[in-house]
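Dropping run-v7.tsv in here (TSV, C-alpha atoms):
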```
chain	number	residue	atom	x	y	z
R	7	MET	CA	-13.26	4.27	-8.97
R	8	ALA	CA	-9.64	4.26	-7.86
R	9	ILE	CA	-7.89	6.87	-5.70
R	10	ARG	CA	-4.82	8.31	-7.42
R	11	ILE	CA	-2.13	9.71	-5.12
R	12	VAL	CA	-0.36	12.66	-6.72
R	13	THR	CA	2.61	14.51	-5.22
R	14	ASP	CA	5.57	16.65	-6.24
R	15	SER	CA	9.27	15.92	-6.32
R	16	ALA	CA	10.01	17.87	-3.13
R	17	SER	CA	8.71	14.75	-1.38
R	18	ASP	CA	12.19	13.27	-1.97
R	19	LEU	CA	10.84	9.72	-2.12
R	20	PRO	CA	13.73	7.22	-1.94
R	21	VAL	CA	14.28	4.96	-4.93
R	22	GLY	CA	13.05	1.91	-3.00
R	23	VAL	CA	9.78	3.64	-2.12
R	24	LYS	CA	9.20	4.70	-5.74
R	25	GLU	CA	9.73	1.11	-6.83
R	26	LYS	CA	7.33	-0.19	-4.16
R	27	TYR	CA	4.61	2.33	-5.05
R	28	PRO	CA	4.86	2.92	-8.82
R	29	GLU	CA	1.25	4.14	-8.80
R	30	ILE	CA	2.27	7.39	-7.04
R	31	ILE	CA	2.37	10.20	-9.62
R	32	VAL	CA	5.35	12.49	-8.91
R	33	ILE	CA	5.42	15.87	-10.70
R	34	PRO	CA	8.87	17.52	-10.75
R	35	LEU	CA	9.74	20.97	-9.51
R	36	MET	CA	12.50	22.71	-11.45
R	37	VAL	CA	16.11	23.62	-10.74
R	38	VAL	CA	17.00	26.86	-12.53
R	39	THR	CA	20.60	27.53	-13.56
R	40	ASP	CA	22.18	30.98	-13.59
R	41	GLU	CA	21.71	30.92	-17.38
R	42	GLY	CA	17.97	30.53	-16.84
R	43	LYS	CA	17.79	26.90	-17.97
R	44	GLU	CA	15.13	24.82	-16.19
R	45	LEU	CA	16.04	21.26	-15.19
R	46	ALA	CA	13.47	18.80	-13.87
R	47	ASP	CA	14.21	17.68	-10.31
R	48	GLY	CA	15.63	14.15	-10.30
R	49	ILE	CA	15.24	13.79	-14.06
R	50	ASP	CA	17.54	16.32	-15.72
R	51	ILE	CA	19.79	16.92	-12.72
R	52	THR	CA	20.85	14.85	-9.72
R	53	THR	CA	21.55	15.67	-6.09
R	54	LEU	CA	25.24	14.89	-6.54
R	55	GLU	CA	25.50	17.26	-9.50
R	56	VAL	CA	23.88	20.03	-7.47
R	57	CYS	CA	26.12	19.43	-4.45
R	58	ASP	CA	29.33	19.32	-6.50
R	59	ALA	CA	28.38	22.54	-8.30
R	60	MET	CA	27.44	24.32	-5.07
R	61	ARG	CA	30.75	23.36	-3.49
R	62	ALA	CA	32.39	24.99	-6.49
R	63	GLY	CA	30.42	28.18	-5.86
R	64	LYS	CA	27.50	27.77	-8.25
R	65	VAL	CA	24.16	29.25	-7.17
R	66	TYR	CA	20.85	27.73	-8.24
R	67	THR	CA	17.28	28.91	-7.91
R	68	THR	CA	14.17	26.74	-8.11
R	69	SER	CA	10.65	27.03	-9.49
R	70	GLN	CA	7.34	25.46	-8.46
R	71	VAL	CA	5.09	23.19	-10.47
R	72	THR	CA	2.83	25.24	-12.75
R	73	PRO	CA	-0.99	25.09	-12.57
R	74	GLU	CA	-1.03	23.91	-16.19
R	75	ARG	CA	1.13	20.89	-15.36
R	76	PHE	CA	-1.13	19.96	-12.46
R	77	GLN	CA	-4.20	20.51	-14.61
R	78	HIS	CA	-2.93	18.03	-17.19
R	79	VAL	CA	-2.31	15.35	-14.57
R	80	PHE	CA	-5.54	15.91	-12.62
R	81	LYS	CA	-7.65	15.95	-15.78
R	82	SER	CA	-6.07	12.73	-17.02
R	83	CYS	CA	-6.92	10.99	-13.73
R	84	VAL	CA	-10.49	12.28	-13.67
R	85	GLU	CA	-11.07	11.31	-17.29
R	86	ASN	CA	-10.03	7.80	-16.28
R	87	GLY	CA	-12.81	7.79	-13.68
R	88	ASP	CA	-10.48	8.18	-10.69
R	89	SER	CA	-10.53	10.39	-7.60
R	90	VAL	CA	-7.41	12.46	-6.94
R	91	VAL	CA	-5.64	13.14	-3.65
R	92	TYR	CA	-2.75	15.55	-4.08
R	93	VAL	CA	-0.36	15.46	-1.11
R	94	GLY	CA	1.86	18.52	-1.34
R	95	PHE	CA	4.92	20.43	-0.24
R	96	SER	CA	4.46	22.99	2.57
R	97	SER	CA	2.74	26.16	1.35
R	98	GLU	CA	5.07	28.11	3.67
R	99	LEU	CA	8.06	27.04	1.56
R	100	SER	CA	6.67	26.87	-1.97
R	101	GLY	CA	3.75	28.04	-4.10
R	102	THR	CA	3.27	24.53	-5.46
R	103	VAL	CA	0.19	23.76	-3.33
R	104	GLN	CA	-1.43	26.98	-4.55
R	105	SER	CA	-0.72	25.89	-8.14
R	106	ALA	CA	-2.46	22.58	-7.39
R	107	ARG	CA	-5.50	24.40	-5.98
R	108	LEU	CA	-5.75	26.60	-9.05
R	109	ALA	CA	-5.44	23.54	-11.29
R	110	ALA	CA	-8.18	21.70	-9.40
R	111	ASP	CA	-10.50	24.67	-9.93
R	112	MET	CA	-9.62	24.73	-13.63
R	113	VAL	CA	-10.49	21.04	-13.98
R	114	ARG	CA	-13.76	21.48	-12.08
R	115	GLU	CA	-14.78	24.26	-14.47
R	116	GLU	CA	-14.64	21.72	-17.29
R	117	MET	CA	-15.72	18.71	-15.25
R	118	PRO	CA	-17.94	19.79	-12.31
R	119	ASP	CA	-18.05	16.29	-10.83
R	120	ALA	CA	-14.25	15.98	-10.64
R	121	ASP	CA	-13.28	14.58	-7.22
R	122	ILE	CA	-9.99	16.26	-6.31
R	123	SER	CA	-8.65	16.82	-2.78
R	124	ILE	CA	-5.62	19.02	-2.04
R	125	ILE	CA	-3.67	18.38	1.18
R	126	ASP	CA	-1.12	20.99	2.28
R	127	THR	CA	1.09	18.85	4.52
R	128	LEU	CA	3.11	21.80	5.90
R	129	CYS	CA	5.94	19.26	5.66
R	130	ALA	CA	9.09	19.13	3.54
R	131	SER	CA	11.40	16.64	1.87
R	132	TYR	CA	10.89	13.02	2.92
R	133	GLY	CA	8.94	14.37	5.90
R	134	PHE	CA	6.04	14.79	3.55
R	135	GLY	CA	7.26	11.94	1.36
R	136	MET	CA	6.50	9.59	4.25
R	137	VAL	CA	2.98	11.04	4.37
R	138	VAL	CA	2.65	10.38	0.63
R	139	GLN	CA	3.85	6.81	1.18
R	140	ARG	CA	1.22	6.21	3.86
R	141	ALA	CA	-1.47	7.65	1.57
R	142	ALA	CA	-0.50	5.18	-1.15
R	143	GLU	CA	-0.59	2.28	1.30
R	144	LEU	CA	-4.03	3.27	2.57
R	145	SER	CA	-5.27	3.51	-1.01
R	146	ARG	CA	-3.98	-0.02	-1.66
R	147	GLN	CA	-5.83	-1.24	1.41
R	148	GLY	CA	-9.07	0.08	-0.03
R	149	VAL	CA	-9.59	2.77	2.62
R	150	GLN	CA	-12.39	5.10	1.52
R	151	LYS	CA	-11.36	8.54	0.31
R	152	ASP	CA	-12.81	10.58	3.18
R	153	LYS	CA	-11.08	8.36	5.75
R	154	LEU	CA	-7.86	8.39	3.72
R	155	VAL	CA	-7.82	12.20	3.66
R	156	GLU	CA	-8.50	12.28	7.41
R	157	LEU	CA	-5.65	9.89	8.21
R	158	VAL	CA	-3.22	11.55	5.82
R	159	SER	CA	-3.97	14.91	7.43
R	160	PHE	CA	-3.24	13.35	10.84
R	161	TYR	CA	0.11	11.99	9.65
R	162	ALA	CA	1.07	15.37	8.24
R	163	LYS	CA	0.18	17.12	11.50
R	164	HIS	CA	2.29	14.70	13.55
R	165	GLN	CA	5.24	14.31	11.17
R	166	GLN	CA	8.44	15.50	12.81
R	167	HIS	CA	11.49	16.85	10.94
R	168	VAL	CA	14.86	17.43	12.61
R	169	PHE	CA	17.88	18.29	10.53
R	170	SER	CA	21.28	19.88	10.41
R	171	VAL	CA	22.92	21.77	7.57
R	172	ASP	CA	26.62	22.12	6.97
R	173	ASN	CA	26.35	25.80	6.08
R	174	LEU	CA	23.31	27.96	6.86
R	175	GLU	CA	24.31	30.42	4.15
R	176	TYR	CA	22.47	28.39	1.51
R	177	LEU	CA	19.16	28.64	3.38
R	178	ARG	CA	19.76	32.32	4.08
R	179	ARG	CA	20.27	33.09	0.39
R	180	GLY	CA	16.92	31.56	-0.48
R	181	GLY	CA	15.08	33.31	2.34
R	182	ARG	CA	13.89	29.96	3.68
R	183	VAL	CA	14.84	30.57	7.35
R	184	SER	CA	13.56	33.38	9.54
R	185	ASN	CA	15.70	35.42	11.96
R	186	VAL	CA	18.94	33.66	11.06
R	187	ALA	CA	21.17	36.65	11.76
R	188	ALA	CA	19.57	37.27	15.15
R	189	PHE	CA	19.78	33.60	16.10
R	190	PHE	CA	23.40	32.97	15.16
R	191	GLY	CA	24.91	36.43	15.30
R	192	GLY	CA	28.60	36.33	14.43
R	193	MET	CA	29.32	32.94	16.00
R	194	LEU	CA	31.82	30.77	14.17
R	195	ASN	CA	32.20	26.99	13.95
R	196	ILE	CA	28.52	26.51	14.70
R	197	LYS	CA	26.50	23.60	13.33
R	198	PRO	CA	22.86	24.67	13.18
R	199	VAL	CA	20.04	22.29	14.06
R	200	LEU	CA	16.61	23.11	12.65
R	201	ASP	CA	13.10	21.77	12.51
R	202	VAL	CA	9.83	22.48	10.69
R	203	GLU	CA	7.15	24.31	12.67
R	204	GLU	CA	3.82	25.16	11.05
R	205	GLY	CA	5.42	24.56	7.69
R	206	LYS	CA	8.39	26.89	8.22
R	207	LEU	CA	12.07	26.11	8.72
R	208	ILE	CA	13.11	27.25	12.19
R	209	PRO	CA	16.62	27.19	13.70
R	210	VAL	CA	16.33	25.71	17.20
R	211	TYR	CA	19.85	24.88	18.43
R	212	LYS	CA	23.39	26.00	17.77
R	213	CYS	CA	25.95	23.29	18.41
R	214	ARG	CA	29.71	23.58	18.43
R	215	GLY	CA	30.99	20.92	16.09
R	216	HIS	CA	29.61	18.05	14.06
R	217	LYS	CA	29.39	15.42	16.82
R	218	LYS	CA	27.40	17.65	19.16
R	219	ALA	CA	25.00	18.50	16.36
R	220	MET	CA	24.41	14.83	15.53
R	221	GLN	CA	23.84	14.01	19.20
R	222	LYS	CA	21.34	16.85	19.42
R	223	LEU	CA	19.42	15.39	16.47
R	224	VAL	CA	19.20	12.02	18.22
R	225	ASP	CA	18.19	13.69	21.49
R	226	MET	CA	15.39	15.54	19.68
R	227	VAL	CA	14.08	12.29	18.19
R	228	LYS	CA	13.99	10.78	21.69
R	229	GLU	CA	12.27	13.81	23.22
R	230	ARG	CA	9.62	14.14	20.53
R	231	SER	CA	8.71	10.48	20.13
R	232	VAL	CA	7.66	9.65	23.69
R	233	HIS	CA	4.06	8.95	22.56
R	234	SER	CA	4.85	7.12	19.35
R	235	ASP	CA	6.66	3.84	20.12
R	236	ILE	CA	9.84	4.88	18.32
R	237	GLN	CA	11.32	1.36	18.32
R	238	ASN	CA	8.51	0.14	16.05
R	239	GLN	CA	8.69	2.99	13.58
R	240	ILE	CA	10.46	3.05	10.26
R	241	ILE	CA	12.64	6.15	10.58
R	242	GLY	CA	13.23	8.22	7.46
R	243	ILE	CA	16.70	9.67	6.87
R	244	THR	CA	17.71	11.77	3.88
R	245	HIS	CA	20.98	13.49	3.05
R	246	SER	CA	22.76	15.71	0.56
R	247	ASP	CA	25.91	13.77	-0.37
R	248	CYS	CA	26.94	12.78	3.18
R	249	MET	CA	26.24	9.07	3.49
R	250	ASP	CA	28.98	8.70	6.09
R	251	THR	CA	26.98	10.98	8.39
R	252	VAL	CA	23.86	8.89	7.78
R	253	GLU	CA	25.69	5.76	8.94
R	254	GLU	CA	26.96	7.61	12.00
R	255	VAL	CA	23.47	8.77	12.99
R	256	LYS	CA	21.91	5.37	12.31
R	257	ALA	CA	24.42	3.75	14.67
R	258	MET	CA	23.66	6.33	17.35
R	259	MET	CA	19.92	5.78	17.06
R	260	GLU	CA	20.29	2.01	17.14
R	261	GLU	CA	22.40	2.19	20.29
R	262	GLN	CA	20.56	4.94	22.15
R	263	LEU	CA	16.95	4.50	21.02
R	264	GLY	CA	16.70	0.86	19.98
R	265	VAL	CA	15.62	1.80	16.46
R	266	THR	CA	16.32	-0.93	13.91
R	267	ARG	CA	14.38	0.04	10.77
R	268	PHE	CA	15.30	2.91	8.48
R	269	GLU	CA	14.36	4.18	5.04
R	270	VAL	CA	17.33	6.10	3.65
R	271	GLY	CA	17.40	8.31	0.57
R	272	GLU	CA	18.87	11.43	-0.92
R	273	ILE	CA	17.49	14.91	-0.46
R	274	GLY	CA	16.36	15.82	-3.95
R	275	SER	CA	18.08	18.32	-6.19
R	276	VAL	CA	15.49	21.07	-5.57
R	277	ILE	CA	15.67	20.86	-1.77
R	278	SER	CA	19.47	20.50	-1.93
R	279	CYS	CA	19.65	23.80	-3.84
R	280	HIS	CA	18.38	25.47	-0.66
R	281	THR	CA	19.93	23.37	2.11
R	282	GLY	CA	23.31	22.78	0.45
R	283	PRO	CA	25.66	19.78	0.57
R	284	GLY	CA	26.24	18.05	3.89
R	285	THR	CA	22.61	18.28	5.06
R	286	ILE	CA	21.11	15.39	7.03
R	287	ALA	CA	17.45	15.10	8.06
R	288	ILE	CA	15.50	12.65	10.23
R	289	PHE	CA	11.74	12.09	9.97
R	290	PHE	CA	9.34	10.28	12.32
R	291	LEU	CA	5.86	10.47	13.83
R	292	ASP	CA	5.37	11.92	17.29
R	293	GLU	CA	2.00	10.21	17.78
R	294	TRP	CA	-0.01	7.29	16.34
R	295	PRO	CA	-3.55	7.82	15.10
R	296	GLN	CA	-6.12	5.88	17.12
R	297	ASP	CA	-7.36	4.03	14.07
R	298	PRO	CA	-6.88	0.36	13.20
R	299	ALA	CA	-6.24	1.22	9.55
R	300	TYR	CA	-2.89	2.73	10.52
R	301	HIS	CA	-1.47	-0.41	12.09
R	302	VAL	CA	-1.24	-2.19	8.75
R	303	VAL	CA	0.84	0.72	7.46
R	304	LYS	CA	2.96	0.67	10.60
R	305	LYS	CA	4.03	-2.92	9.94
R	306	GLY	CA	4.82	-2.24	6.27
```
Would you put the structure from the file into structure tokens?
Amino acid sequence: MAIRIVTDSASDLPVGVKEKYPEIIVIPLMVVTDEGKELADGIDITTLEVCDAMRAGKVYTTSQVTPERFQHVFKSCVENGDSVVYVGFSSELSGTVQSARLAADMVREEMPDADISIIDTLCASYGFGMVVQRAAELSRQGVQKDKLVELVSFYAKHQQHVFSVDNLEYLRRGGRVSNVAAFFGGMLNIKPVLDVEEGKLIPVYKCRGHKKAMQKLVDMVKERSVHSDIQNQIIGITHSDCMDTVEEVKAMMEEQLGVTRFEVGEIGSVISCHTGPGTIAIFFLDEWPQDPAYHVVKKG
């Protein structure tokens, strides 16, 4: 019996990771146009198309994966004799995890012995994509399902996200950030720096200008990684059409933190609909699990 790792497209897995782990099943969320047309994330619409349209004033909404779509995937895996571990987008930002739970119950009604585990990572974008990646690696190593779920839950708990958006208005429109007006007031020329706390997007710093915001991101990585051997981590970086900023931040981290390994990708079209163009995010662990199984993943 194999363990199938299932996730959703809000994991923003970079192309290189998808190629390395083709066994990961990725179910797309939807981008919804103002005409009501639904476009599958990363399939029918790209990040660049979303960013260009948003710069031109277009407003998108998004929709979660339906229980029926999850049911189809879960049932197919179970019928093949496999166990399922669904590693999902924060329930504080999307109803997708709840759809997965409903789907698992639907499958169990038909197939009472179905072995399906649902993990709410309380993470977002490649923050939870890195958790998905580690789950796939553990599955390849032959780690038993109970241990795999335990380790994946640890990674999710200790996954750090720090990011900056070019314009907080996009997050405000979607209701994805709490207390924005109180935090920023009427201040102009402010670059917001945010993180993810208990699954929610929280503004934590207001920086005057781009360079100060990027330095604050690097400072936060340093502060939050004191127990995690940051030099030996692969640091995840994703962006919404601002590769020049990625190169800038990589150089800063190499010089100031001694980091040499990065996995870089685009923020997907669904997440970009909410964060807007010019967003950059950094992902890393703040602590290692005390388990020898992890160290193989660490060297990957």
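In terms of minimum interatomic distance to Ser278 (chain R), R:Arg61 ranks closest within R:Lys43, R:Arg61, R:Lys197, R:Lys222, counting all atoms listed in the file.
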Between CA of Val137 (chain R) and CA of Ser231 (chain R) - distance in Å to one decimal: 16.8 Å
Which residues are close to region 117-120 of chain R, i.e. within 12 Å by all atoms listed in the file, leaving aside same-chain residues fewer than 6 positions away? Reply as a PyMOL selection string. chain R and resi 7+77+80-91+109-111
Could you tell me, as a PDB file with C-alpha atoms, in the coordinates of the input, which residues have any atom at most 12 Å from (19.1, 26.5, -12.9), counting all atoms listed in the file?
```pdb
ATOM      1  CA  LEU R  35       9.740  20.970  -9.510  1.00  0.00           C
ATOM      2  CA  MET R  36      12.500  22.710 -11.450  1.00  0.00           C
ATOM      3  CA  VAL R  37      16.110  23.620 -10.740  1.00  0.00           C
ATOM      4  CA  VAL R  38      17.000  26.860 -12.530  1.00  0.00           C
ATOM      5  CA  THR R  39      20.600  27.530 -13.560  1.00  0.00           C
ATOM      6  CA  ASP R  40      22.180  30.980 -13.590  1.00  0.00           C
ATOM      7  CA  GLU R  41      21.710  30.920 -17.380  1.00  0.00           C
ATOM      8  CA  GLY R  42      17.970  30.530 -16.840  1.00  0.00           C
ATOM      9  CA  LYS R  43      17.790  26.900 -17.970  1.00  0.00           C
ATOM     10  CA  GLU R  44      15.130  24.820 -16.190  1.00  0.00           C
ATOM     11  CA  LEU R  45      16.040  21.260 -15.190  1.00  0.00           C
ATOM     12  CA  ALA R  46      13.470  18.800 -13.870  1.00  0.00           C
ATOM     13  CA  ASP R  47      14.210  17.680 -10.310  1.00  0.00           C
ATOM     14  CA  ASP R  50      17.540  16.320 -15.720  1.00  0.00           C
ATOM     15  CA  ILE R  51      19.790  16.920 -12.720  1.00  0.00           C
ATOM     16  CA  GLU R  55      25.500  17.260  -9.500  1.00  0.00           C
ATOM     17  CA  VAL R  56      23.880  20.030  -7.470  1.00  0.00           C
ATOM     18  CA  ALA R  59      28.380  22.540  -8.300  1.00  0.00           C
ATOM     19  CA  MET R  60      27.440  24.320  -5.070  1.00  0.00           C
ATOM     20  CA  LYS R  64      27.500  27.770  -8.250  1.00  0.00           C
ATOM     21  CA  VAL R  65      24.160  29.250  -7.170  1.00  0.00           C
ATOM     22  CA  TYR R  66      20.850  27.730  -8.240  1.00  0.00           C
ATOM     23  CA  THR R  67      17.280  28.910  -7.910  1.00  0.00           C
ATOM     24  CA  THR R  68      14.170  26.740  -8.110  1.00  0.00           C
ATOM     25  CA  SER R  69      10.650  27.030  -9.490  1.00  0.00           C
ATOM     26  CA  SER R 275      18.080  18.320  -6.190  1.00  0.00           C
ATOM     27  CA  VAL R 276      15.490  21.070  -5.570  1.00  0.00           C
ATOM     28  CA  CYS R 279      19.650  23.800  -3.840  1.00  0.00           C
TER      29      CYS R 279
END
```
Shortest interatomic distance to Gly282 (chain R) - which of R:Glu175, R:Glu229, R:Glu115, R:Glu253, counting only C-alpha atoms: R:Glu175
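The environment of Ser234 (chain R) within 6 Å, counting only C-alpha atoms and disregarding residues fewer than 3 places along the same chain, consists of Ser231, Asp292, Glu293 and Trp294 of chain R.
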Preceding selection exported with C-alpha atoms as a PDB file, keeping the file's coordinate frame:
```
ATOM      1  CA  SER R 231       8.710  10.480  20.130  1.00  0.00           C
ATOM      2  CA  ASP R 292       5.370  11.920  17.290  1.00  0.00           C
ATOM      3  CA  GLU R 293       2.000  10.210  17.780  1.00  0.00           C
ATOM      4  CA  TRP R 294      -0.010   7.290  16.340  1.00  0.00           C
TER       5      TRP R 294
END
```
Tell me, counting all atoms listed in the file, for each residue of region 214-268 of chain R within 8 Å of region 284-289 of chain R, which pair of atoms is nearest and how far apart they are in Å to one decimal, in rows ordered by chain and increasing number, as CSV.
```
residue,atom,partner,partner_atom,distance
R:Leu223,CA,R:Ile288,CA,7.9
R:Ile241,CA,R:Phe289,CA,6.0
R:Gly242,CA,R:Phe289,CA,4.8
R:Ile243,CA,R:Ile288,CA,4.6
R:Thr244,CA,R:Ala287,CA,5.4
R:His245,CA,R:Ile286,CA,4.4
R:Ser246,CA,R:Thr285,CA,5.2
R:Asp247,CA,R:Gly284,CA,6.0
R:Cys248,CA,R:Gly284,CA,5.4
R:Thr251,CA,R:Ile286,CA,7.5
R:Val252,CA,R:Ile286,CA,7.1
```
Given the point (17.7, 11.9, -8.8) in the file's coordinates, find the residues that have an atom at most 9 Å from it, counting only C-alpha atoms, and give them as a PyMOL selection string. chain R and resi 18+21+47-54+272-275
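Picture a line from CA of Val270 (chain R) to CA of Arg178 (chain R); it runs 26.3 Å.
Relative to CA of Gln165 (chain R), CA of Lys217 (chain R) is found at 24.8 Å.
Residue nearest Ser105 (chain R) within the list R:Val155, R:Asp14, R:Arg140, R:Asn238: R:Asp14 [criterion: smallest interatomic distance, only C-alpha atoms].
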Considering only C-alpha atoms, return as a ChimeraX atom specification whatever protein or nucleic-acid residues lie within 12 Å of Leu200 (chain R), sequence-local ones (same chain, fewer than 3 positions apart) excluded. /R:166-172,174,177,182-184,186,189,197,203,206-213,219-220,222-223,226,281,285-288
Can you work out which one of R:Glu204, R:Glu156, R:Asp235, R:Glu143 has the shortest atom-to-atom distance to Ile124 (chain R), counting all atoms listed in the file? R:Glu156
Top pick for closest residue to Ile122 (chain R), considering R:Asp225, R:Val79, R:Gln139, R:Phe290 and counting only C-alpha atoms: R:Val79
Counting all atoms listed in the file, the residue among R:Leu99, R:Lys24, R:Ala62, R:Ile9 that lies closest to Lys153 (chain R) is R:Ile9
